[in-house]
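Chemist: Sharing a structure here in structure tokens format.
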Amino acid sequence: MDDRSTVSEQEAATLLGELVSYDSQNPPGDEAACAEFIYRWLTDAGIDAELVADPYPDRPQVRATIGDGDTERDHLVLNGHIDVVPPGNLERWSVDPFEGVVDADEGRVYGRGASDMKAGVAAAMLAAREVAADGVDGRLTLTFAMGEETAEPGTKTLVENLEADAGIVLEPTELEVQTVGKGLAWYVATISGDAGHASKPHAGANAVDGLFALEESLRAYRERIAERTHPLVGESLCTPTVLEGGTKENVLAEEVEIRFDRRFLPDESPSEIDAEMDDLFEIVRERGFDVTVERTRTYEAAEIPIDATIAETVRDHASTVADAPTDPAGKSAATDQRNLVNDADIPTIIWGPGTPTQAHTADEWAETAYLVDAIEVLCRTIDDRCNA
Ligand SMILES: [Zn+2]
């Protein structure tokens with residue numbers, strides 16, 4: 001089959017480099033300049049686009065629509081986030097993370113967000129331009145969100161009133177179709193004791209002793225939830241990641257804080273997990289300490305059937321165009337798939353041109369070969385689902 005897309009590797013790499021050159025770090029949430037660039041680019045390509053001032057007026061998002069919505073054909077939603085995580089220690093980078101360096105010999109574009117997930121955004125923009133030239137019989141909606149990296153209601157706001165038949169969240173998968181995304185919750189627990197002089201430890205209540213009382217219940221809980229497994233995303237996890245507390249060597253600790261990263265499966269609910277996390281600290285409370293447990297961030301898990309139509313269509317084209325793997329797969333990290341599937345009831349896969357192991361690393365790069373193939377696969381998918 002001839003290529004449907006006319007986009008060259010050079011053109012795709014140039015656009016990706018340009019997207020990377022807009023520093024859209026989050027936190028603090030500097031997506032606006034990048035959003036405005038995408039909006040202008042789509043408008044210049046003759047696509048009906050808008051800047052969306054919800055939910056935060058100073059952090060605009062982009063939505064664009066092609067097609068008059070012939071209901072016999074599908075309405076497909078392409079989604080990408082335009083925020084990127086901060087670059088971290090710049091000494092670990094050999095390039096400027098926000099220059100958008102294109103290395104044509106290597107076939108890579110370097111910079112923060114290249115794989116996660118401006119390659120996906122570039123693929124959606126260029127595929128939309130390609131199909132817009134001939135029009136779309138059903139409808140294609142592009143949604144480019146802010147705040148994904150900090151669990152803000154960016155994609156949720158863009159999609160919640162959409163009536164659509166299918167969606168693709170263009171996170172890095174090297175063109176592998178993923179039908180399930182693991183959930184993520186963060187917790188902070190604070191153990192409070194009574195300060196006192198460390199020469200008389202029995203006169204106070206040392207919050208560090210309270211923390212040590214947790215050890216056994218935490219170990220048992222981690223073993224118990226590791227038995228909850230999903231064939232595509234593995235086991236449920238509760239990992240303590242941050243400890244803070246105490247005042248001074250000779251002062252009994254008034255307060256100790258412990259934070260957890262809790263990865264969960266589609267059949268576990270955040271409210272059930274809240275209760276489990278609270279129960280963990282029962283033993284600490286029994287020893288006389290006050291404990292508060294709070295969930296500070298949540299990305300729900302999401303899942304659609306392995307053989308959903310959008311999954312089958314993209315799998316077929318990705319294997320034909322790029323010899324991409326066709327086995328069922330899922331993502332062990334959380335994505336905005338949850339907003340399309342859980343909040344808007346749109347069957348949605350996770351699939352995109354970035355390289356997942358590059359996400360959030362120093363010297364992050366994306367391969368332009370995957371990018372060009374992604375554009376071709378998207379064009380064919382749009383023809384299949386949205387055109388007569
Ligand atoms: Zn991402």
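Residue numbering restarts at 1 in every chain; chains get A, B, ... in the order shown in the structure tokens, and ligands count up from 1 in that same order.
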Write out as an NGL selection string which residues come within 8 Å of range 183-188 of chain A when counting only C-alpha atoms, dropping same-chain ones fewer than 6 positions away.
Modeler: :A and (257-266 or 270 or 293-302 or 333-334)
Chemist: Please report as a tab-separated table every residue of chain A lying within 7 Å of ligand 1, along with the nearest atom pair and their distance in Å (one decimal), using only C-alpha atoms and all ligand atoms.
Modeler:
residue	atom	partner	partner_atom_place_in_ligand_line	distance
A:His81	CA	ligand 1	1 (Zn)	6.6
A:Asp116	CA	ligand 1	1 (Zn)	4.5
A:Met117	CA	ligand 1	1 (Zn)	5.2
A:Glu149	CA	ligand 1	1 (Zn)	6.8
A:Glu171	CA	ligand 1	1 (Zn)	5.3
A:Thr335	CA	ligand 1	1 (Zn)	6.7
Chemist: What is the CA of Ala322 in chain A to CA of Leu378 in chain A distance in Å?
Modeler: 12.1 Å
Chemist: Skipping near chain neighbours, those fewer than 6 positions away, what residues fall within 6 Å of Cys386 in chain A using only C-alpha atoms, listed as a ChimeraX atom specification?
Modeler: /A:73-74,137-138
Chemist: Rank A:Ser24, A:Ser332, A:Thr179, A:Gln61 by their smallest atom-to-atom distance to Tyr39 in chain A, using only C-alpha atoms, and report the top residue only.
Modeler: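 For Tyr39 in chain A, the nearest of the candidates is A:Gln61.
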Chemist: Quick one: everything within 8 Å of range 277-280 of chain A, counting only C-alpha atoms, minus sequence neighbours fewer than 2 positions away in the same chain. Send it as a ChimeraX atom specification.
Modeler: /A:214,217-218,221,273-275,282-283,292-293
Chemist: Could you give me the residues within range 21-59 of chain A that DSSP places in strand (DSSP E), as a ChimeraX atom specification?
Modeler: /A:48-52
Chemist: Could the residues in this selection be written to a file with all heavy atoms, as a PDB file, in the first residue's frame?
Modeler:
ATOM      1  N   ASP A  48      -9.952  24.049  12.309  1.00  0.00           N
ATOM      2  CA  ASP A  48     -10.766  24.830  13.231  1.00  0.00           C
ATOM      3  C   ASP A  48     -10.313  24.540  14.672  1.00  0.00           C
ATOM      4  O   ASP A  48     -10.657  23.491  15.220  1.00  0.00           O
ATOM      5  CB  ASP A  48     -12.232  24.412  13.005  1.00  0.00           C
ATOM      6  CG  ASP A  48     -13.199  25.251  13.793  1.00  0.00           C
ATOM      7  OD1 ASP A  48     -12.777  26.293  14.341  1.00  0.00           O
ATOM      8  OD2 ASP A  48     -14.378  24.855  13.869  1.00  0.00           O
ATOM      9  N   ALA A  49      -9.555  25.460  15.248  1.00  0.00           N
ATOM     10  CA  ALA A  49      -8.980  25.222  16.574  1.00  0.00           C
ATOM     11  C   ALA A  49      -9.380  26.319  17.543  1.00  0.00           C
ATOM     12  O   ALA A  49      -9.732  27.427  17.132  1.00  0.00           O
ATOM     13  CB  ALA A  49      -7.446  25.166  16.476  1.00  0.00           C
ATOM     14  N   GLU A  50      -9.344  26.009  18.823  1.00  0.00           N
ATOM     15  CA  GLU A  50      -9.637  27.027  19.850  1.00  0.00           C
ATOM     16  C   GLU A  50      -8.706  26.845  21.052  1.00  0.00           C
ATOM     17  O   GLU A  50      -8.254  25.734  21.352  1.00  0.00           O
ATOM     18  CB  GLU A  50     -11.103  26.930  20.319  1.00  0.00           C
ATOM     19  CG  GLU A  50     -11.437  25.568  20.881  1.00  0.00           C
ATOM     20  CD  GLU A  50     -12.860  25.437  21.429  1.00  0.00           C
ATOM     21  OE1 GLU A  50     -13.405  26.432  21.939  1.00  0.00           O
ATOM     22  OE2 GLU A  50     -13.404  24.320  21.366  1.00  0.00           O
ATOM     23  N   LEU A  51      -8.423  27.977  21.700  1.00  0.00           N
ATOM     24  CA  LEU A  51      -7.736  27.930  22.982  1.00  0.00           C
ATOM     25  C   LEU A  51      -8.815  27.862  24.060  1.00  0.00           C
ATOM     26  O   LEU A  51      -9.754  28.650  24.047  1.00  0.00           O
ATOM     27  CB  LEU A  51      -6.873  29.182  23.186  1.00  0.00           C
ATOM     28  CG  LEU A  51      -5.538  29.195  22.432  1.00  0.00           C
ATOM     29  CD1 LEU A  51      -4.922  30.583  22.485  1.00  0.00           C
ATOM     30  CD2 LEU A  51      -4.568  28.154  22.993  1.00  0.00           C
ATOM     31  N   VAL A  52      -8.690  26.909  24.965  1.00  0.00           N
ATOM     32  CA  VAL A  52      -9.719  26.687  25.984  1.00  0.00           C
ATOM     33  C   VAL A  52      -9.199  27.208  27.328  1.00  0.00           C
ATOM     34  O   VAL A  52      -8.166  26.749  27.818  1.00  0.00           O
ATOM     35  CB  VAL A  52     -10.057  25.186  26.086  1.00  0.00           C
ATOM     36  CG1 VAL A  52     -11.095  24.932  27.177  1.00  0.00           C
ATOM     37  CG2 VAL A  52     -10.545  24.653  24.738  1.00  0.00           C
TER      38      VAL A  52
END
Chemist: Quick one: pull the distance between CA of Val136 in chain A and CA of Asp307 in chain A, Å, one decimal.
Modeler: 24.9 Å
Chemist: What does the structure give for the distance between CA of Asn79 in chain A and CA of Thr326 in chain A, in Å to one decimal?
Modeler: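 Separation between CA of Asn79 in chain A and CA of Thr326 in chain A: 21.7 Å.
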Chemist: Taking the DSSP assignment computed from this structure's backbone, write out as a VMD selection string all residues of range 187-376 of chain A that belong to helix (DSSP H, G or I).
Modeler: chain A and resid 201 to 203 207 to 212 215 to 226 270 to 280 282 to 286 309 to 322 337 to 343 356 to 358 368 to 376
Chemist: Compare A:Ile225, A:Leu16, A:Leu232, A:Val314 by their minimum atom-to-atom distance to Leu175 in chain A, counting only C-alpha atoms, and give me the closest one.
Modeler: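 Closest to Leu175 in chain A, using only C-alpha atoms: A:Val314.
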Chemist: With the cut-off set at 6 Å and counting only C-alpha atoms, tabulate each residue of range 123-228 of chain A with an atom at most that distance from an atom of range 338-348 of chain A, showing the nearest atom pair and its distance in Å to one decimal, ordered by chain and increasing number, as a Markdown table.
Modeler:
| residue | atom | partner | partner_atom | distance |
| --- | --- | --- | --- | --- |
| A:Lys156 | CA | A:Asn339 | CA | 5.1 |
| A:Glu160 | CA | A:Ala344 | CA | 5.0 |
| A:Asp165 | CA | A:Ile346 | CA | 6.0 |
| A:Ala166 | CA | A:Pro347 | CA | 4.9 |
| A:Gly167 | CA | A:Thr348 | CA | 4.2 |
| A:Ile168 | CA | A:Thr348 | CA | 5.4 |
Chemist: Would you list the contacts of Pro27 in chain A as a PyMOL selection string, taking every protein, DNA or RNA residue within 8 Å and counting only C-alpha atoms, but skipping same-chain residues closer than 3 positions in sequence?
Modeler: chain A and resi 30+85-86+150
Chemist: Quick one: of A:Ala318, A:Ile310, A:Leu211, A:Tyr56, who's nearest to Gly288 in chain A, counting only C-alpha atoms?
Modeler: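 Among A:Ala318, A:Ile310, A:Leu211, A:Tyr56, it is A:Leu211 that comes nearest to Gly288 in chain A.
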Chemist: Would you please work out which residue, of A:Pro201, A:Gly111, A:Pro57, A:Pro231, is nearest to Asp327 in chain A when using only C-alpha atoms?
Modeler: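 Looking only at the distances to Asp327 in chain A, the closest residue turns out to be A:Pro231.
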Chemist: Which residues are near Arg40 in chain A? Cut-off 12 Å, only C-alpha atoms, ignore same chain within fewer than 4 positions. Put them as a PDB file with all heavy atoms, in the first residue's frame.
Modeler:
ATOM      1  N   ALA A  33       2.708  29.163  26.306  1.00  0.00           N
ATOM      2  CA  ALA A  33       3.363  29.509  25.033  1.00  0.00           C
ATOM      3  C   ALA A  33       3.284  28.340  24.056  1.00  0.00           C
ATOM      4  O   ALA A  33       3.064  28.531  22.850  1.00  0.00           O
ATOM      5  CB  ALA A  33       4.815  29.906  25.276  1.00  0.00           C
ATOM      6  N   CYS A  34       3.445  27.127  24.568  1.00  0.00           N
ATOM      7  CA  CYS A  34       3.374  25.944  23.701  1.00  0.00           C
ATOM      8  C   CYS A  34       1.948  25.758  23.176  1.00  0.00           C
ATOM      9  O   CYS A  34       1.736  25.444  22.004  1.00  0.00           O
ATOM     10  CB  CYS A  34       3.844  24.712  24.462  1.00  0.00           C
ATOM     11  SG  CYS A  34       4.143  23.282  23.408  1.00  0.00           S
ATOM     12  N   ALA A  35       0.963  25.980  24.049  1.00  0.00           N
ATOM     13  CA  ALA A  35      -0.444  25.860  23.621  1.00  0.00           C
ATOM     14  C   ALA A  35      -0.755  26.875  22.523  1.00  0.00           C
ATOM     15  O   ALA A  35      -1.421  26.547  21.530  1.00  0.00           O
ATOM     16  CB  ALA A  35      -1.377  26.072  24.814  1.00  0.00           C
ATOM     17  N   GLU A  36      -0.255  28.095  22.697  1.00  0.00           N
ATOM     18  CA  GLU A  36      -0.518  29.128  21.691  1.00  0.00           C
ATOM     19  C   GLU A  36       0.147  28.781  20.357  1.00  0.00           C
ATOM     20  O   GLU A  36      -0.414  29.014  19.288  1.00  0.00           O
ATOM     21  CB  GLU A  36      -0.066  30.502  22.205  1.00  0.00           C
ATOM     22  CG  GLU A  36      -1.098  31.078  23.174  1.00  0.00           C
ATOM     23  CD  GLU A  36      -0.515  32.096  24.153  1.00  0.00           C
ATOM     24  OE1 GLU A  36       0.594  32.622  23.908  1.00  0.00           O
ATOM     25  OE2 GLU A  36      -1.202  32.356  25.180  1.00  0.00           O
ATOM     26  N   ASP A  44      -3.217  27.936  11.058  1.00  0.00           N
ATOM     27  CA  ASP A  44      -2.524  28.170   9.786  1.00  0.00           C
ATOM     28  C   ASP A  44      -2.727  27.005   8.817  1.00  0.00           C
ATOM     29  O   ASP A  44      -2.664  27.174   7.606  1.00  0.00           O
ATOM     30  CB  ASP A  44      -1.018  28.378  10.022  1.00  0.00           C
ATOM     31  CG  ASP A  44      -0.724  29.726  10.683  1.00  0.00           C
ATOM     32  OD1 ASP A  44      -1.648  30.571  10.738  1.00  0.00           O
ATOM     33  OD2 ASP A  44       0.419  29.920  11.158  1.00  0.00           O
ATOM     34  N   ALA A  45      -2.917  25.800   9.371  1.00  0.00           N
ATOM     35  CA  ALA A  45      -3.142  24.625   8.512  1.00  0.00           C
ATOM     36  C   ALA A  45      -4.606  24.523   8.075  1.00  0.00           C
ATOM     37  O   ALA A  45      -5.009  23.537   7.446  1.00  0.00           O
ATOM     38  CB  ALA A  45      -2.727  23.351   9.255  1.00  0.00           C
ATOM     39  N   GLY A  46      -5.401  25.524   8.420  1.00  0.00           N
ATOM     40  CA  GLY A  46      -6.803  25.532   7.993  1.00  0.00           C
ATOM     41  C   GLY A  46      -7.709  24.692   8.871  1.00  0.00           C
ATOM     42  O   GLY A  46      -8.831  24.343   8.485  1.00  0.00           O
ATOM     43  N   ILE A  47      -7.227  24.336  10.078  1.00  0.00           N
ATOM     44  CA  ILE A  47      -8.016  23.497  10.992  1.00  0.00           C
ATOM     45  C   ILE A  47      -8.700  24.392  12.015  1.00  0.00           C
ATOM     46  O   ILE A  47      -8.112  25.352  12.523  1.00  0.00           O
ATOM     47  CB  ILE A  47      -7.088  22.455  11.679  1.00  0.00           C
ATOM     48  CG1 ILE A  47      -6.552  21.482  10.617  1.00  0.00           C
ATOM     49  CG2 ILE A  47      -7.830  21.708  12.789  1.00  0.00           C
ATOM     50  CD1 ILE A  47      -5.434  20.582  11.103  1.00  0.00           C
ATOM     51  N   ASP A  48      -9.952  24.049  12.309  1.00  0.00           N
ATOM     52  CA  ASP A  48     -10.766  24.830  13.231  1.00  0.00           C
ATOM     53  C   ASP A  48     -10.313  24.540  14.672  1.00  0.00           C
ATOM     54  O   ASP A  48     -10.657  23.491  15.220  1.00  0.00           O
ATOM     55  CB  ASP A  48     -12.232  24.412  13.005  1.00  0.00           C
ATOM     56  CG  ASP A  48     -13.199  25.251  13.793  1.00  0.00           C
ATOM     57  OD1 ASP A  48     -12.777  26.293  14.341  1.00  0.00           O
ATOM     58  OD2 ASP A  48     -14.378  24.855  13.869  1.00  0.00           O
ATOM     59  N   ALA A  49      -9.555  25.460  15.248  1.00  0.00           N
ATOM     60  CA  ALA A  49      -8.980  25.222  16.574  1.00  0.00           C
ATOM     61  C   ALA A  49      -9.380  26.319  17.543  1.00  0.00           C
ATOM     62  O   ALA A  49      -9.732  27.427  17.132  1.00  0.00           O
ATOM     63  CB  ALA A  49      -7.446  25.166  16.476  1.00  0.00           C
ATOM     64  N   GLU A  50      -9.344  26.009  18.823  1.00  0.00           N
ATOM     65  CA  GLU A  50      -9.637  27.027  19.850  1.00  0.00           C
ATOM     66  C   GLU A  50      -8.706  26.845  21.052  1.00  0.00           C
ATOM     67  O   GLU A  50      -8.254  25.734  21.352  1.00  0.00           O
ATOM     68  CB  GLU A  50     -11.103  26.930  20.319  1.00  0.00           C
ATOM     69  CG  GLU A  50     -11.437  25.568  20.881  1.00  0.00           C
ATOM     70  CD  GLU A  50     -12.860  25.437  21.429  1.00  0.00           C
ATOM     71  OE1 GLU A  50     -13.405  26.432  21.939  1.00  0.00           O
ATOM     72  OE2 GLU A  50     -13.404  24.320  21.366  1.00  0.00           O
ATOM     73  N   LEU A  51      -8.423  27.977  21.700  1.00  0.00           N
ATOM     74  CA  LEU A  51      -7.736  27.930  22.982  1.00  0.00           C
ATOM     75  C   LEU A  51      -8.815  27.862  24.060  1.00  0.00           C
ATOM     76  O   LEU A  51      -9.754  28.650  24.047  1.00  0.00           O
ATOM     77  CB  LEU A  51      -6.873  29.182  23.186  1.00  0.00           C
ATOM     78  CG  LEU A  51      -5.538  29.195  22.432  1.00  0.00           C
ATOM     79  CD1 LEU A  51      -4.922  30.583  22.485  1.00  0.00           C
ATOM     80  CD2 LEU A  51      -4.568  28.154  22.993  1.00  0.00           C
ATOM     81  N   VAL A  62      -5.726  23.331  24.151  1.00  0.00           N
ATOM     82  CA  VAL A  62      -6.101  23.436  22.742  1.00  0.00           C
ATOM     83  C   VAL A  62      -7.087  22.325  22.388  1.00  0.00           C
ATOM     84  O   VAL A  62      -6.871  21.173  22.761  1.00  0.00           O
ATOM     85  CB  VAL A  62      -4.865  23.321  21.818  1.00  0.00           C
ATOM     86  CG1 VAL A  62      -5.277  23.558  20.355  1.00  0.00           C
ATOM     87  CG2 VAL A  62      -3.773  24.295  22.234  1.00  0.00           C
ATOM     88  N   ARG A  63      -8.153  22.725  21.691  1.00  0.00           N
ATOM     89  CA  ARG A  63      -9.065  21.724  21.131  1.00  0.00           C
ATOM     90  C   ARG A  63      -9.301  22.094  19.676  1.00  0.00           C
ATOM     91  O   ARG A  63      -9.431  23.279  19.348  1.00  0.00           O
ATOM     92  CB  ARG A  63     -10.385  21.697  21.904  1.00  0.00           C
ATOM     93  CG  ARG A  63     -11.356  20.624  21.398  1.00  0.00           C
ATOM     94  CD  ARG A  63     -12.504  20.376  22.378  1.00  0.00           C
ATOM     95  NE  ARG A  63     -13.082  21.623  22.819  1.00  0.00           N
ATOM     96  CZ  ARG A  63     -13.610  21.819  24.051  1.00  0.00           C
ATOM     97  NH1 ARG A  63     -13.643  20.855  24.933  1.00  0.00           N
ATOM     98  NH2 ARG A  63     -14.093  22.991  24.360  1.00  0.00           N
ATOM     99  N   ALA A  64      -9.329  21.098  18.799  1.00  0.00           N
ATOM    100  CA  ALA A  64      -9.554  21.352  17.376  1.00  0.00           C
ATOM    101  C   ALA A  64     -10.450  20.266  16.822  1.00  0.00           C
ATOM    102  O   ALA A  64     -10.443  19.139  17.317  1.00  0.00           O
ATOM    103  CB  ALA A  64      -8.224  21.375  16.623  1.00  0.00           C
ATOM    104  N   MET A 125      -0.825  16.397  15.279  1.00  0.00           N
ATOM    105  CA  MET A 125      -0.943  17.630  14.496  1.00  0.00           C
ATOM    106  C   MET A 125      -0.743  17.356  13.006  1.00  0.00           C
ATOM    107  O   MET A 125      -1.521  17.803  12.153  1.00  0.00           O
ATOM    108  CB  MET A 125       0.105  18.653  14.980  1.00  0.00           C
ATOM    109  CG  MET A 125      -0.162  19.201  16.391  1.00  0.00           C
ATOM    110  SD  MET A 125       1.294  20.045  17.100  1.00  0.00           S
ATOM    111  CE  MET A 125       1.353  21.553  16.123  1.00  0.00           C
TER     112      MET A 125
END
Chemist: Tell me which protein, DNA and RNA residues are within 10 Å of Arg129 in chain A, counting only C-alpha atoms, leaving out same-chain ones fewer than 2 positions away, and put them as a PyMOL selection string.
Modeler: chain A and resi 5+7+41-42+44-47+66+123-127+131-135+379
Chemist: For each of A:Gly154, A:Gly330, A:Gly100, A:Pro172, take the minimum atom-to-atom distance to Gln358 in chain A, counting only C-alpha atoms, then give the residue where this is smallest.
Modeler: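 Checking each of A:Gly154, A:Gly330, A:Gly100, A:Pro172 against Gln358 in chain A, counting only C-alpha atoms, the winner is A:Pro172.
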